[in-house]
Each structure stands twice: as C-alpha cells, then as structure tokens.
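Only one structure is covered here, and it is reproduced in the block below.
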Amino acid sequence: MHPQYPAHWEADVVLSDGGTAHVRPIRPDDADMLRSFYSRLSAESIYFRYFGPRPRLTDKDVVWFTNVDYDNRVALIATIGTEMVAVVRYDRVQPRDHAEVAFLVEDAHQGRGVAAVLMEHLRAAARERGIKTFIADVLPGNHRMMGLFRQAGYTAQSQFEDGVVRMTLDLSSTETALEVRLAREHRAEARSIARLLTPESVAVIGASREPGGIGQTVLRNLLAADFTGPVYPVHRHVRAVAGVRAHRSVSAIDGEVDLAVLAVPAEGVLELVEECAEKGVKGLVVVSSGFGETGPEGRARQEELVRIARAYGIRVVGPNCLGIANTDPAVRLNATLAATLPGRGRVGFFSQSGALGTALLQRVAQRGMGISTFVSAGNRADVSGNDLLQYWEEDPATDVILLYLESIGNPRKFTRLARRISRSKPIVVVKSRGVPGGHRAPVLALPDTALSSLFAQAGVIRVDDLVQLFDVAQLLAHQPLPAGPRVGVVGNSDALTLLAEEACAGAGLQPSAPVNLGARAGAAEFAEALRSVLPEVDAAVAIYMPPIPGDCREVAEALLEVARESGKPVLATFQGALGMPADLRVTDGPGDDSPQRGSIPSYPAPEEAVRALAHVVRYAQWRRQPPGTVPSVEGIDTAAAREIVAAALAGEGTAGEGADGEGSVGEEREIDATALLACYGIQVWPAHVAADAEEAVAAAERIGWPVVVKSADPEDARRAGTVRIGLTEPAGVRQAYADLAALLGPGTPLAVQRMAPQPSVPTVVGVTQDRYFGGVVTFGLGEVTARLLGDQAYRLAPLTAEDAAGLVRSVRAAPLLFGEYGYQAVAVEALEDLLVRVGLLADALPEVASMDLDQVLAGATGVAVLGARAVLRPVTALRPDVGPRRLS
C-alpha cells in the first residue's frame with residue numbers, strides 16, 4: 001500500500017473478455033511505465049484524448065501526470081504484467097464537488113472493458129473525496145467514449161460547445177448504476193470461467209514417464225477422454241510421454257496454449273506461471289500441493305502465485321486441486337486426476353476438496369448420473385464457487401448446480417448470486433463446518449444455524465452429507481418440481497409403503513393413504529394405481545421390490561409412461577437400485593445412454609426417496625414465492641441515525657438519549673438504542689430507574705397504572721422471576737421492589753415501566769453485523785425454553801416483506817404467534833413491520849455491531865419494545881461486496 005492512498009483503492013479485476021488486470025493509483029515511480037504506455041498509443045487515441053497531435057510527453061508532462069495528491073487530483077491505472085494499459089484521472093474544479101475526468105486506453109486493449117472498470121473505481125474514489133459530479137469533454141467522433149458514459153447508468157446531460165460534447169455525470173448511487181455494475185461483473189466472471197472450461201489446447205507441465213505420476217495421470221486422462229484439441233506434454237528431459245511428443249518448455253510449443261496444468265513441485269510453480277504468461281496462456285490448473293495447506297511459507301507462495309497470475313490476466317484453479325472437466329462433446333476435457341468421469345449430464349459440480357473429488361465423481365458415475373462440467377478448486381486461491389455460479393447461470397447445458405464447500409470466500413456475494421440464480425436453477429450445497437488451513441476464507445461471526453437460515457433465504461438447498469447431495473440432485477435434474485406437499489405412495493410391499501408414509505409425515509409432507517398392490521403386482525397394476533393416485537397429489541413414490549428378482553423392464557416402462565403423462569415428479573425405490581437405473585432412463589436414442597429429463601431416480605430405501613423429495617418440495621415452495629422488494633416505510637431518518645452513531649463513537653455523552661456507554665474515541669461502545677430506533681420509527685417504551693421503593697411508586701403514578709417493576713440490567717431481565725407484572729397500586733409496587741431487591745442484591749438498579757397489553761407473546765429481535773455477510777437480523781421467542789433451545793432464525797439485511805414473513809414463521813415456536821396451543825393470535829403484521837425497519841437500520845449502519853430488542857411483546861393489536869441496547873464499533877474496512885468490481 002502507498003502511504004498516501006487507501007489500500008482498497010488497489011484491486012484485481014476481471015475484464016469483459018474474462019482476462020484480469022490490476023487497478024491502482026498512479027505513483028511517481030511509474031514515470032517510465034507511463035512513457036512506454038504513451039509510446040504504444042495510436043495517433044487517433046492521442047487525438048481523441050488531447051484534441052490534437054501530441055507525439056510525445058515532455059518530462060514536465062510526466063511529472064505532472066504521475067505526481068498527484070490523491071484528493072484534488074487522482075489518477076488510476078490498469079496494469080497487465082509489467083505494462084500499463086490504461087489510465088483514468090480526475091481533477092477537482094469549481095465548485096469543489098465537481099471534477100473533470102479523462103480516459104486513455106491502449107489501442108490493443110480497447111474493447112476489453114478496461115475503461116468501464118476504471119470508471120467504477122474512479123467514481124468510488126471520487127465519492128470518498130466528496131466529489132458528486134464528473135465533467136467530461138469528448139470529441140463528437142469519439143463514439144466509444146461517449147457510449148461508455150451513456151451506458152454507465154448515471155444521469156448524463158450532453159452539451160455541444162466549442163466543437164466538443166460536454167457530458168455531466170451525477171455520481172450519486174442509483175439502482176441503474178448498481179445494476180449496470182453487477183451485469184458487467186456477471187458477464188466478465190462468466191467469460192473468465194468459460195475460457196477455463198472450453199480451451200482449444202492444453203499443456204501438461206510436469207508430465208513425466210514415471211508410472212502413476214501426477215502429470216502423467218492428468219495427461220492420460222486427457223487423452224482417454226479424447227480431448228478435441230492438441231495436448232502438449234511439457235518436460236525438460238524426455239522426448240515423449242504416453243506416446244505424445246513432449247516439449248522442453250511451454251515457450252517451445254509451436255501452437256497456442258489456452259490452458260496449462262501444472263504438476264510440478266511447489267517450489268517451481270512461480271517461475272512457470274511467468275513463463276505461461278509470456279506464452280499467452282489464459283488459465284492455469286495447479287494440481288501441485290505444498291501451498292497454503294502447509295503453513296505460513298506455503299501461504300506466502302500461494303499468495304504470490306495468485307498475484308503473478310492475475311497481474312498477467314490469468315485465472316487459477318487450485319492449487320492442491322483435482323482439476324477440471326467438461327463433458328461437452330465439442331470439448332471432452334478431463335484435466336483431472338480422476339480416471340472415472342461421469343457421462344454427459346445436466347449437473348454442474350463444484351468441489352473445494354481435491355482429495356474427495358475422485359470419490360465424488362465415482363459416486364456420480366455409479367448412480368448413472370451425468371455432469372455438464374466439474375471444477376475442483378482445492379485451496380481456492382483464485383477461482384471460487386461464486387465464479388462458477390456466474391458461469392453456470394449462463395450455461396445452457398447446466399440445469400442443476402452442486403457445491404461441496406469447505407469455506408465461502410465472499411459470503412454476501414454468494415447469497416446475492418444464489419438468490420438470483422435459484423429462481424431458475426436449483427443450487428444444492430453441502431457445507432462442512434470446519435475450514436481447512438489452506439483456504440483464503442473469512443472467519444464468520446455467525447453460528448452454523450445462521451448459515452442455514454441465510455441459505456434458505458437465498459433458495460439454496462442445504463443438505464447434511466454427500467449422499468443427500470446426489471439424492472436431491474438426481475431428482476432435480478430429471479423430474480419436474482412438485483406443485484405442493486401432497487405425496488402419493490404406490491408399492492408392492494406393505495412394510496415399505498408404510499415406511500414411506502411415515503417418512504412423509506415426519507418430513508412435513510402430506511401423504512395420502514398408501515396403495516399396496518401386493519407382491520405379485522406387475523406393469524399393468526402399477527400403471528393403473530399410479531394413474532389413479534397422481535391426479536390427487538403433487539408427487540408420487542413408487543416402490544417395486546419383487547420377491548423373486550427377474551425382468552423388470554415392463555414395470556419400468558409403465559412407470560416412465562405414466563410419469564411422462566402426468567407431468568408430476570415420480571421417484572422410486574426400484575429393486576433397491578441407487579441412482580438412475582438403465583431401465584428407468586429416458587435417453588436421446590441409440591448410442592447415448594445419458595439420462596435425460598423424465599428419467600425416474602431410484603433410491604435404496606423409501607425413506608431416502610422421501611427425504612430428497614422433502615428438500616425439493618421446500619425449494620419449489622420458495623421458488624413460487626415472489627422475489628419481493630424491500631418495502632418503502634415511513635418514519636425513516638437515516639441521516640439523524642448516522643449523527644447519533646458518529647456522536648456516540650466520538651465519545652460524546654449527549655449523542656442521543658441514553659448514550660451512556662463507556663470507552664475512548666474510536667473504541668467499541670455500548671449505548672441505549674432508544675434514540676437510534678426512533679430514527680427508524682420504532683418506539684422503545686421508557687423504563688424509569690428508581691433508587692428506592694418510593695421513587696418507584698412516584699414513577700408509577702407519573703406513567704399510569706398498571707406497571708411492572710424489573711431489573712434495569714438487561715442480563716437480569718432475561719432470568720426467570722426478575723419481573724413483577726400487573727401492579728395496580730402503590731403497595732404492590734413497594735412489595736415488588738422489596739422482593740426484587742432481596743432477590744438481586746443491594747445496589748441492583750430497578751426500573752418501573754408501563755404494563756404492556758395482555759395477553760402477549762415475548763419475542764426477541766436482534767442485529768448481528770458480520771464482517772463478510774454484513775447486517776443480519778435475528779428473531780426468536782423470548783420464552784426461557786426457546787432461549788435455551790437456541791430457537792432463533794436469521795435473515796440477511798435489508799429484509800423484503802417476504803423475508804420478514806419468513807423470519808417470523810421459521811422458528812420452531814412460531815405456532816404460538818398464530819393462536820395455537822391455547823395462545824391468542826398476535827398482530828404478526830406489526831411484528832413483520834418491526835423486522836423490516838430493523839433490517840433497514842442494520843443495512844444502513846454497519847457501525848451497529850450488535851443490537852438487542854429485548855423484549856418485544858407481541859399482542860393482539862401491536863408490538864411493544866420494552867428495551868434495546870446496541871454495541872457500536874467503528875467500521876475499519878469495506879465489505880467485499882461494497883464498491884466497484886474486484887476479485888476477492
């Protein structure tokens with residue numbers, strides 16, 4: 001980091017064609033780089049920038065351009081390798097919140113989106129420096145630059161004056177600007193992965209004659225898969241490997257190399273990356289170990305690997321990975337260590353574990369499932385699951401996405417992508433609870449249960465293990481989504497049909513009475529029973545377990561025919577088979593046995609079939625719900641809330657009512673959140689602290705009867721027996737005060753508060769600020785039992801109306817809010833409105849590290865917030881998803 005500009009002004013970025021570049025502010029020592037850059041520009045590019053010929057830069061020009069103050073004058077450059085390829089700058093003018101902006105992009109790199117990404121980063125830097133408007137003078141013939149400004153999503157006004165077009169750009173954040181940025185990010189990252197998975201040529205570096213060696217294994221797997229392009233073994237000391245001519249180095253290869261697989265000792269990898277860059281390699285797969293998983297030295301080597309690769313525009317899979325594969329007949333890529341590769345299918349599969357990868361691919365093949373593409377990321381130093389999500393969203397060959405995750409590099413981005421992609425393509429995840437040492441992974445402040453809630457909010461299907469991963473995947477890939485939870489069961493075993501019925505009930509499904517056809521039932525009986533059941537249900541489970549094994553093709557054909565007619569999902573326990581038995585497959589025709597849409601998945605036991613179906617039913621229900629938008633609510637004053645937070649963090653005791661926390665300027669500080677919540681239209685009922693019983697009586701007289709007496713310490717208030725309610729006269733207040741003083745000890749502050757309407761259900765609402773997820777809203781019931789059981793749900797802020805409704809209903813004790821078990825139904829709409837407002841606060845104020853609204857009493861006519869505390873913490877770094885595009 002340069003001492004004069006913030007560290008986050010530097011970033012690795014993906015360009016529109018999938019390559020990468022490095023963005024950073026210009027520095028005085030960039031003089032020679034600037035001269036070299038300028039010498040490669042065409043006369044036309046110079047003319048468009050300076051409105052006239054300027055064949056060279058003088059020494060004075062170079063000093064002026066490279067020496068900036070990072071405030072009134074800022075210049076950002078894009079570099080690829082050791083060369084500058086573009087520069088963008090602003091110069092502050094009058095009025096002080098305006099600045100003139102200009103671009104210059106090397107001709108060879110125009111059209112790659114360099115200017116667009118530099119514009120994003122310059123805009124962010126300018127806003128940090130208080131600039132609100134950019135002014136750009138553009139020659140009428142410079143259509144490319146005018147198009148950039150017009151398409152950037154900002155408010156633009158054009159004025160033709162003195163032979164130039166003056167464009168004025170409003171830098172304020174708009175929904176359009178955000179949409180444009182995210183769309184560009186999506187296209188760029190999808191293309192960067194497409195370049196990896198669809199290479200036209202592959203080099204295997206480290207492919208030796210040693211039997212069983214890593215390099216030779218990858219080479220043989222490439223050849224066995226019949227990769228459609230040339231394959232180049234690279235080894236310094238041999239002439240051929242596996243019958244293929246070898247080359248001494250990458251640079252010695254005559255043709256172009258799109259993808260290089262590195263299978264050499266870790267110590268030699270960095271040198272090879274630079275050689276691959278000079279050759280023009282677009283992607284690397286590093287199967288070598290000896291990086292982040294080995295300790296500090298290995299982590300440093302891994303970080304340098306990524307730095308060099310990104311500097312030269314190369315994406316990296318790995319290190320310490322299994323490899324990548326693409327079953328597309330036009331590619332046929334198996335650049336992995338796995339000899340067994342499943343056939344063509346509709347499932348994209350991402351695995352962070354290299355060691356598990358081989359076993360996972362074998363399991364997919366054993367089930368008769370196919371895959372579209374496969375990526376094992378290993379230490380996930382560069383290419384991550386988020387990159388693959390962007391690619392698979394666009395890939396017409398992928399219908400279902402499977403993720404085995406050991407860490408999440410950018411959790412907020414993951415949930416944003418998943419929420420969008422899950423609307424069209426299901427995402428099924430196994431997330432391990434530990435994080436391997438080699439991963440560049442954030443440490444999340446949230447418990448694993450919160451992660452499950454946030455996955456559910458985004459429509460992600462989280463399963464417990466790898467068996468369930470594939471169980472759910474084969475159902476999603478080959479059968480339609482169910483329209484509801486009603487399930488019909490048809491079988492020839494009374495015991496198994498009863499087990500299926502019980503499993504449905506236990507999984508929250510609605511089973512109809514099972515139809516038992518008897519042990520001798522054949523194709524005709526199964527077809528008739530299934531036809532009679534399917535009109536009344538949303539899905540069906542067929543159980544075929546003949547007492548004497550034999551030819552079952554007729555039964556399979558009957559099941560397939562009825563399933564196709566119904567258009568509803570049908571799954572089976574078919575002779576105990578696992579996966580996609582050949583008899584239950586729909587294929588494209590002779591010569592292609594890959595299962596297609598309409599194939600019926602089979603499970604060894606009906607309970608496993610039902611478990612997979614339950615996951616899919618919940619996903620289908622989520623998908624039917626509207627995406628929702630964050631509601632516009634009245635009574636919000638974010639500016640005032642920011643003033644309260646700033647004053648409290650500055651140590652000003654008058655910063656809002658009850659800013660009674662302690663701590664020095666810039667430190668964590670606890671405050672009464674009453675004033676803060678008032679800025680979001682949430683009123684906290686005042687609690688009056690009383691030094692003795694008579695003060696308590698006087699407070700009760702002021703606020704009106706009935707009242708409660710309780711501990712003023714929020715921690716005490718959570719304990720059973722620390723609140724006396726329904727007090728209607730002075731004697732009762734005096735007695736309550738004496739009882740609590742004796743219970744809690746002398747000196748414990750006690751408070752008097754107005755009595756909330758009864759009956760009501762106590763609930764707890766909170767905020768947790770995670771460094772990577774951002775603001776998270778929590779909800780649970782305030783009953784002691786619910787607290788002990790950890791019955792709490794989570795949603796990422798801000799909340800849509802649908803999010804708030806789902807949050808209330810997702811806790812296990814939610815029926816108590818809806819009038820069940822003898823409780824009176826509460827005003828759930830008021831509770832949901834409260835959650836939406838708290839979500840807006842959590843999203844807008846990242847300084848609110850945590851906040852507890854405890855308790856929130858939900859009654860028949862509304863909610864009453866009885867107390868609220870917040871912990872404030874200065875924000876020292878931006879969330880990974882905030883600001884312009886960058887590779888995390």
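Note on naming: chains are A, B, ... as they come in the structure tokens, residues start from 1 per chain, ligands start from 1 in the order shown.
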For this session: Determine which residues of segment 640-845 of chain A DSSP labels as strand (DSSP E) from the backbone of this structure, then write them out as a PyMOL selection string.
Result: chain A and resi 669-672+687-690+707-711+723-727+750-754+760-770+774-781+792-796
Export of prior selection with C-alpha atoms as a tab-separated table (two decimals), in the first residue's frame:
```
chain	number	residue	atom	x	y	z
A	669	ARG	CA	-19.19	1.46	22.73
A	670	GLU	CA	-22.47	0.20	24.20
A	671	ILE	CA	-25.44	2.55	24.18
A	672	ASP	CA	-29.13	2.61	24.93
A	687	ALA	CA	-38.15	2.45	31.80
A	688	HIS	CA	-37.70	4.74	34.81
A	689	VAL	CA	-34.87	3.73	37.15
A	690	ALA	CA	-35.84	4.12	40.81
A	707	VAL	CA	-46.98	-1.06	35.77
A	708	VAL	CA	-44.20	-3.58	36.05
A	709	VAL	CA	-41.10	-3.49	38.24
A	710	LYS	CA	-38.00	-5.19	36.90
A	711	SER	CA	-34.23	-5.13	36.95
A	723	VAL	CA	-40.06	-9.11	36.67
A	724	ARG	CA	-43.20	-8.29	38.64
A	725	ILE	CA	-46.14	-7.53	36.36
A	726	GLY	CA	-49.70	-6.22	36.67
A	727	LEU	CA	-49.07	-3.88	39.62
A	750	LEU	CA	-34.58	-1.47	39.45
A	751	ALA	CA	-36.90	0.18	36.92
A	752	VAL	CA	-40.62	0.88	36.58
A	753	GLN	CA	-42.28	0.56	33.20
A	754	ARG	CA	-45.80	0.82	31.87
A	760	SER	CA	-48.90	-11.12	24.67
A	761	VAL	CA	-46.05	-13.33	23.48
A	762	PRO	CA	-42.50	-12.26	24.38
A	763	THR	CA	-40.11	-12.20	21.43
A	764	VAL	CA	-36.52	-11.06	20.89
A	765	VAL	CA	-35.27	-9.17	17.82
A	766	GLY	CA	-31.59	-8.53	17.21
A	767	VAL	CA	-28.91	-7.41	14.80
A	768	THR	CA	-25.52	-9.02	14.23
A	769	GLN	CA	-23.02	-7.29	11.98
A	770	ASP	CA	-20.81	-9.86	10.28
A	774	GLY	CA	-23.00	-7.56	6.61
A	775	GLY	CA	-26.09	-6.87	8.69
A	776	VAL	CA	-28.09	-9.91	9.81
A	777	VAL	CA	-31.45	-9.69	11.57
A	778	THR	CA	-32.25	-12.32	14.21
A	779	PHE	CA	-35.61	-13.33	15.64
A	780	GLY	CA	-36.80	-15.72	18.30
A	781	LEU	CA	-39.28	-16.08	21.10
A	792	GLN	CA	-33.58	-18.45	16.62
A	793	ALA	CA	-33.77	-17.59	12.93
A	794	TYR	CA	-31.71	-15.24	10.76
A	795	ARG	CA	-32.14	-13.16	7.60
A	796	LEU	CA	-29.71	-11.00	5.67
```
Exercise. Using only C-alpha atoms, which residues sit within 12 Å of Gly681 of chain A once same-chain residues fewer than 6 positions away are excluded, as an MDAnalysis selection string?
Worked result: chainID A and resid 633:638 641 674:675 833:838 840:841 865
Write a file of the just-selected residues containing N, CA, C and O atoms, as a JSON list (two decimals), in the first residue's frame.
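File out_33.json, as written:
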```json
[["chain", "number", "residue", "atom", "x", "y", "z"],
["A", 633, "VAL", "N", -40.95, 2.30, 3.82],
["A", 633, "VAL", "CA", -41.74, 2.54, 5.02],
["A", 633, "VAL", "C", -41.55, 3.98, 5.48],
["A", 633, "VAL", "O", -40.53, 4.62, 5.21],
["A", 634, "GLU", "N", -42.54, 4.48, 6.18],
["A", 634, "GLU", "CA", -42.50, 5.87, 6.65],
["A", 634, "GLU", "C", -41.74, 5.97, 7.97],
["A", 634, "GLU", "O", -41.55, 4.99, 8.68],
["A", 635, "GLY", "N", -41.33, 7.20, 8.28],
["A", 635, "GLY", "CA", -40.71, 7.45, 9.57],
["A", 635, "GLY", "C", -39.26, 7.09, 9.65],
["A", 635, "GLY", "O", -38.74, 6.84, 10.75],
["A", 636, "ILE", "N", -38.55, 7.06, 8.51],
["A", 636, "ILE", "CA", -37.13, 6.70, 8.49],
["A", 636, "ILE", "C", -36.29, 7.96, 8.35],
["A", 636, "ILE", "O", -36.50, 8.77, 7.45],
["A", 637, "ASP", "N", -35.31, 8.13, 9.23],
["A", 637, "ASP", "CA", -34.40, 9.27, 9.17],
["A", 637, "ASP", "C", -32.97, 8.73, 9.36],
["A", 637, "ASP", "O", -32.40, 8.80, 10.46],
["A", 638, "THR", "N", -32.42, 8.20, 8.27],
["A", 638, "THR", "CA", -31.09, 7.59, 8.35],
["A", 638, "THR", "C", -30.02, 8.62, 8.66],
["A", 638, "THR", "O", -29.05, 8.32, 9.39],
["A", 641, "ALA", "N", -29.86, 9.10, 12.29],
["A", 641, "ALA", "CA", -29.29, 7.91, 12.93],
["A", 641, "ALA", "C", -27.77, 7.90, 12.81],
["A", 641, "ALA", "O", -27.06, 7.56, 13.75],
["A", 674, "THR", "N", -32.52, 3.54, 22.26],
["A", 674, "THR", "CA", -33.84, 4.16, 22.13],
["A", 674, "THR", "C", -33.86, 5.22, 21.04],
["A", 674, "THR", "O", -34.73, 5.21, 20.15],
["A", 675, "ALA", "N", -32.91, 6.17, 21.09],
["A", 675, "ALA", "CA", -32.89, 7.26, 20.11],
["A", 675, "ALA", "C", -32.59, 6.74, 18.71],
["A", 675, "ALA", "O", -33.15, 7.22, 17.72],
["A", 833, "ASP", "N", -43.46, -5.63, 10.31],
["A", 833, "ASP", "CA", -43.07, -4.24, 10.04],
["A", 833, "ASP", "C", -41.86, -3.86, 10.89],
["A", 833, "ASP", "O", -40.93, -3.19, 10.41],
["A", 834, "LEU", "N", -41.86, -4.28, 12.15],
["A", 834, "LEU", "CA", -40.73, -4.01, 13.02],
["A", 834, "LEU", "C", -39.45, -4.63, 12.46],
["A", 834, "LEU", "O", -38.38, -4.01, 12.43],
["A", 835, "LEU", "N", -39.54, -5.86, 11.98],
["A", 835, "LEU", "CA", -38.37, -6.56, 11.44],
["A", 835, "LEU", "C", -37.85, -5.85, 10.19],
["A", 835, "LEU", "O", -36.63, -5.74, 9.99],
["A", 836, "VAL", "N", -38.74, -5.38, 9.33],
["A", 836, "VAL", "CA", -38.31, -4.65, 8.14],
["A", 836, "VAL", "C", -37.54, -3.39, 8.53],
["A", 836, "VAL", "O", -36.49, -3.08, 7.97],
["A", 837, "ARG", "N", -38.04, -2.67, 9.54],
["A", 837, "ARG", "CA", -37.38, -1.44, 9.98],
["A", 837, "ARG", "C", -36.02, -1.73, 10.59],
["A", 837, "ARG", "O", -35.03, -1.02, 10.33],
["A", 838, "VAL", "N", -35.94, -2.78, 11.39],
["A", 838, "VAL", "CA", -34.65, -3.16, 11.97],
["A", 838, "VAL", "C", -33.68, -3.58, 10.86],
["A", 838, "VAL", "O", -32.48, -3.27, 10.92],
["A", 840, "LEU", "N", -33.59, -2.39, 7.79],
["A", 840, "LEU", "CA", -33.11, -1.16, 7.14],
["A", 840, "LEU", "C", -32.01, -0.52, 7.97],
["A", 840, "LEU", "O", -31.00, -0.04, 7.43],
["A", 841, "LEU", "N", -32.17, -0.52, 9.28],
["A", 841, "LEU", "CA", -31.14, 0.03, 10.16],
["A", 841, "LEU", "C", -29.85, -0.78, 10.05],
["A", 841, "LEU", "O", -28.76, -0.21, 9.93],
["A", 865, "VAL", "N", -41.88, -2.58, 22.32],
["A", 865, "VAL", "CA", -40.46, -2.81, 22.54],
["A", 865, "VAL", "C", -40.13, -2.30, 23.94],
["A", 865, "VAL", "O", -40.20, -1.10, 24.21]]
```
Exercise. Could you pull the residues within 6 Å of segment 470-479 of chain A, counting only C-alpha atoms, minus those fewer than 2 positions along the same chain, as a ChimeraX atom specification?
Worked result: /A:467-468,569,597-599,612
Mind writing the picked residues with all heavy atoms as a PDB file, in the first residue's frame?
```
ATOM      1  N   VAL A 467     -24.299 -38.047   0.393  1.00  0.00           N
ATOM      2  CA  VAL A 467     -25.345 -38.944  -0.103  1.00  0.00           C
ATOM      3  C   VAL A 467     -26.596 -38.132  -0.432  1.00  0.00           C
ATOM      4  O   VAL A 467     -27.198 -38.277  -1.511  1.00  0.00           O
ATOM      5  CB  VAL A 467     -25.654 -40.040   0.938  1.00  0.00           C
ATOM      6  CG1 VAL A 467     -26.880 -40.845   0.512  1.00  0.00           C
ATOM      7  CG2 VAL A 467     -24.452 -40.961   1.117  1.00  0.00           C
ATOM      8  N   GLN A 468     -26.997 -37.255   0.483  1.00  0.00           N
ATOM      9  CA  GLN A 468     -28.168 -36.420   0.222  1.00  0.00           C
ATOM     10  C   GLN A 468     -27.924 -35.470  -0.955  1.00  0.00           C
ATOM     11  O   GLN A 468     -28.865 -35.155  -1.701  1.00  0.00           O
ATOM     12  CB  GLN A 468     -28.508 -35.603   1.463  1.00  0.00           C
ATOM     13  CG  GLN A 468     -29.039 -36.420   2.625  1.00  0.00           C
ATOM     14  CD  GLN A 468     -29.419 -35.532   3.791  1.00  0.00           C
ATOM     15  OE1 GLN A 468     -30.169 -34.568   3.630  1.00  0.00           O
ATOM     16  NE2 GLN A 468     -28.926 -35.851   4.972  1.00  0.00           N
ATOM     17  N   PRO A 569     -43.613 -35.013 -10.568  1.00  0.00           N
ATOM     18  CA  PRO A 569     -42.425 -35.789 -10.216  1.00  0.00           C
ATOM     19  C   PRO A 569     -42.779 -37.172  -9.682  1.00  0.00           C
ATOM     20  O   PRO A 569     -43.674 -37.316  -8.842  1.00  0.00           O
ATOM     21  CB  PRO A 569     -41.740 -34.939  -9.148  1.00  0.00           C
ATOM     22  CG  PRO A 569     -42.817 -34.070  -8.589  1.00  0.00           C
ATOM     23  CD  PRO A 569     -43.769 -33.823  -9.715  1.00  0.00           C
ATOM     24  N   ARG A 597     -34.156 -35.620 -19.138  1.00  0.00           N
ATOM     25  CA  ARG A 597     -35.328 -35.197 -18.378  1.00  0.00           C
ATOM     26  C   ARG A 597     -36.435 -36.237 -18.531  1.00  0.00           C
ATOM     27  O   ARG A 597     -36.721 -36.694 -19.643  1.00  0.00           O
ATOM     28  CB  ARG A 597     -35.823 -33.859 -18.910  1.00  0.00           C
ATOM     29  CG  ARG A 597     -36.732 -33.113 -17.970  1.00  0.00           C
ATOM     30  CD  ARG A 597     -35.958 -32.512 -16.824  1.00  0.00           C
ATOM     31  NE  ARG A 597     -36.772 -31.646 -15.986  1.00  0.00           N
ATOM     32  CZ  ARG A 597     -36.363 -31.156 -14.826  1.00  0.00           C
ATOM     33  NH1 ARG A 597     -35.162 -31.445 -14.379  1.00  0.00           N
ATOM     34  NH2 ARG A 597     -37.147 -30.376 -14.120  1.00  0.00           N
ATOM     35  N   GLY A 598     -37.039 -36.605 -17.431  1.00  0.00           N
ATOM     36  CA  GLY A 598     -38.076 -37.629 -17.464  1.00  0.00           C
ATOM     37  C   GLY A 598     -37.626 -38.955 -16.896  1.00  0.00           C
ATOM     38  O   GLY A 598     -38.457 -39.803 -16.568  1.00  0.00           O
ATOM     39  N   SER A 599     -36.312 -39.149 -16.769  1.00  0.00           N
ATOM     40  CA  SER A 599     -35.824 -40.360 -16.115  1.00  0.00           C
ATOM     41  C   SER A 599     -36.271 -40.366 -14.659  1.00  0.00           C
ATOM     42  O   SER A 599     -36.389 -39.311 -14.024  1.00  0.00           O
ATOM     43  CB  SER A 599     -34.298 -40.415 -16.190  1.00  0.00           C
ATOM     44  OG  SER A 599     -33.861 -40.427 -17.541  1.00  0.00           O
ATOM     45  N   ALA A 612     -35.221 -36.815   0.038  1.00  0.00           N
ATOM     46  CA  ALA A 612     -34.859 -35.992  -1.117  1.00  0.00           C
ATOM     47  C   ALA A 612     -36.058 -35.197  -1.610  1.00  0.00           C
ATOM     48  O   ALA A 612     -35.944 -34.004  -1.946  1.00  0.00           O
ATOM     49  CB  ALA A 612     -34.316 -36.891  -2.237  1.00  0.00           C
TER      50      ALA A 612
END
```
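Restricting the calculation to only C-alpha atoms, the smallest distance between Leu481 of chain A and any of A:Arg812, A:Arg416, A:Arg310, A:Arg624 is found for A:Arg624.
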For this session: Skip Gly313 of chain A itself and residues of its chain fewer than 3 positions away, then list as a ChimeraX atom specification all residues within 6 Å of it, counting only C-alpha atoms.
Result: /A:19-21,310
Please produce an output containing N, CA and C atoms for each residue in the selection, written as a CSV table (one decimal), in the first residue's frame.
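Okay, selection.csv is ready:
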```csv
chain,number,residue,atom,x,y,z
A,19,GLY,N,-10.3,-11.9,-19.1
A,19,GLY,CA,-9.0,-11.7,-18.6
A,19,GLY,C,-9.0,-10.9,-17.3
A,20,THR,N,-7.8,-10.7,-16.7
A,20,THR,CA,-7.7,-10.0,-15.5
A,20,THR,C,-6.7,-8.8,-15.7
A,21,ALA,N,-6.8,-7.9,-14.8
A,21,ALA,CA,-5.9,-6.7,-14.7
A,21,ALA,C,-5.8,-6.3,-13.3
A,310,ARG,N,-2.8,-13.1,-11.7
A,310,ARG,CA,-3.8,-12.1,-12.0
A,310,ARG,C,-3.1,-10.9,-12.7
```
Counting only C-alpha atoms, what is within 9 Å of Thr415 of chain A, bar same-chain residues fewer than 5 positions away, as a short mmCIF file (atom, residue, chain, number, x, y, z; two decimals) with N, CA, C and O atoms, in the first residue's frame?
```
data_model
loop_
_atom_site.label_atom_id
_atom_site.label_comp_id
_atom_site.auth_asym_id
_atom_site.auth_seq_id
_atom_site.Cartn_x
_atom_site.Cartn_y
_atom_site.Cartn_z
N ASN A 410 -16.56 -15.03 -0.26
CA ASN A 410 -17.31 -13.77 -0.20
C ASN A 410 -18.77 -14.13 0.06
O ASN A 410 -19.57 -14.24 -0.86
N ARG A 420 -30.56 -14.94 -6.86
CA ARG A 420 -30.99 -14.71 -8.24
C ARG A 420 -31.01 -16.02 -9.04
O ARG A 420 -31.98 -16.33 -9.73
N LEU A 454 -29.61 -18.34 6.23
CA LEU A 454 -29.29 -17.45 5.11
C LEU A 454 -29.30 -18.21 3.79
O LEU A 454 -29.67 -17.67 2.76
N PHE A 455 -28.88 -19.48 3.81
CA PHE A 455 -29.02 -20.31 2.61
C PHE A 455 -30.49 -20.43 2.23
O PHE A 455 -30.86 -20.29 1.06
N GLN A 457 -32.93 -18.42 2.91
CA GLN A 457 -33.41 -17.13 2.41
C GLN A 457 -33.07 -16.96 0.93
O GLN A 457 -33.83 -16.38 0.17
N ALA A 458 -31.91 -17.48 0.52
CA ALA A 458 -31.47 -17.36 -0.88
C ALA A 458 -31.98 -18.49 -1.76
O ALA A 458 -31.62 -18.55 -2.94
N VAL A 460 -31.22 -21.63 -1.47
CA VAL A 460 -30.22 -22.70 -1.57
C VAL A 460 -30.69 -23.91 -0.77
O VAL A 460 -31.15 -23.78 0.37
N PHE A 773 -20.86 -11.04 5.80
CA PHE A 773 -22.26 -11.08 5.41
C PHE A 773 -22.91 -9.71 5.51
O PHE A 773 -23.90 -9.43 4.86
N LEU A 796 -30.65 -12.03 6.09
CA LEU A 796 -29.71 -11.00 5.67
C LEU A 796 -30.45 -9.69 5.44
O LEU A 796 -31.50 -9.65 4.81
#
```
For this session: Skip Thr398 of chain A itself and residues of its chain fewer than 2 positions away, then list as a VMD selection string all residues within 8 Å of it, counting only C-alpha atoms.
Result: chain A and resid 345 to 348 372 392 to 393 395 to 396 400 to 401
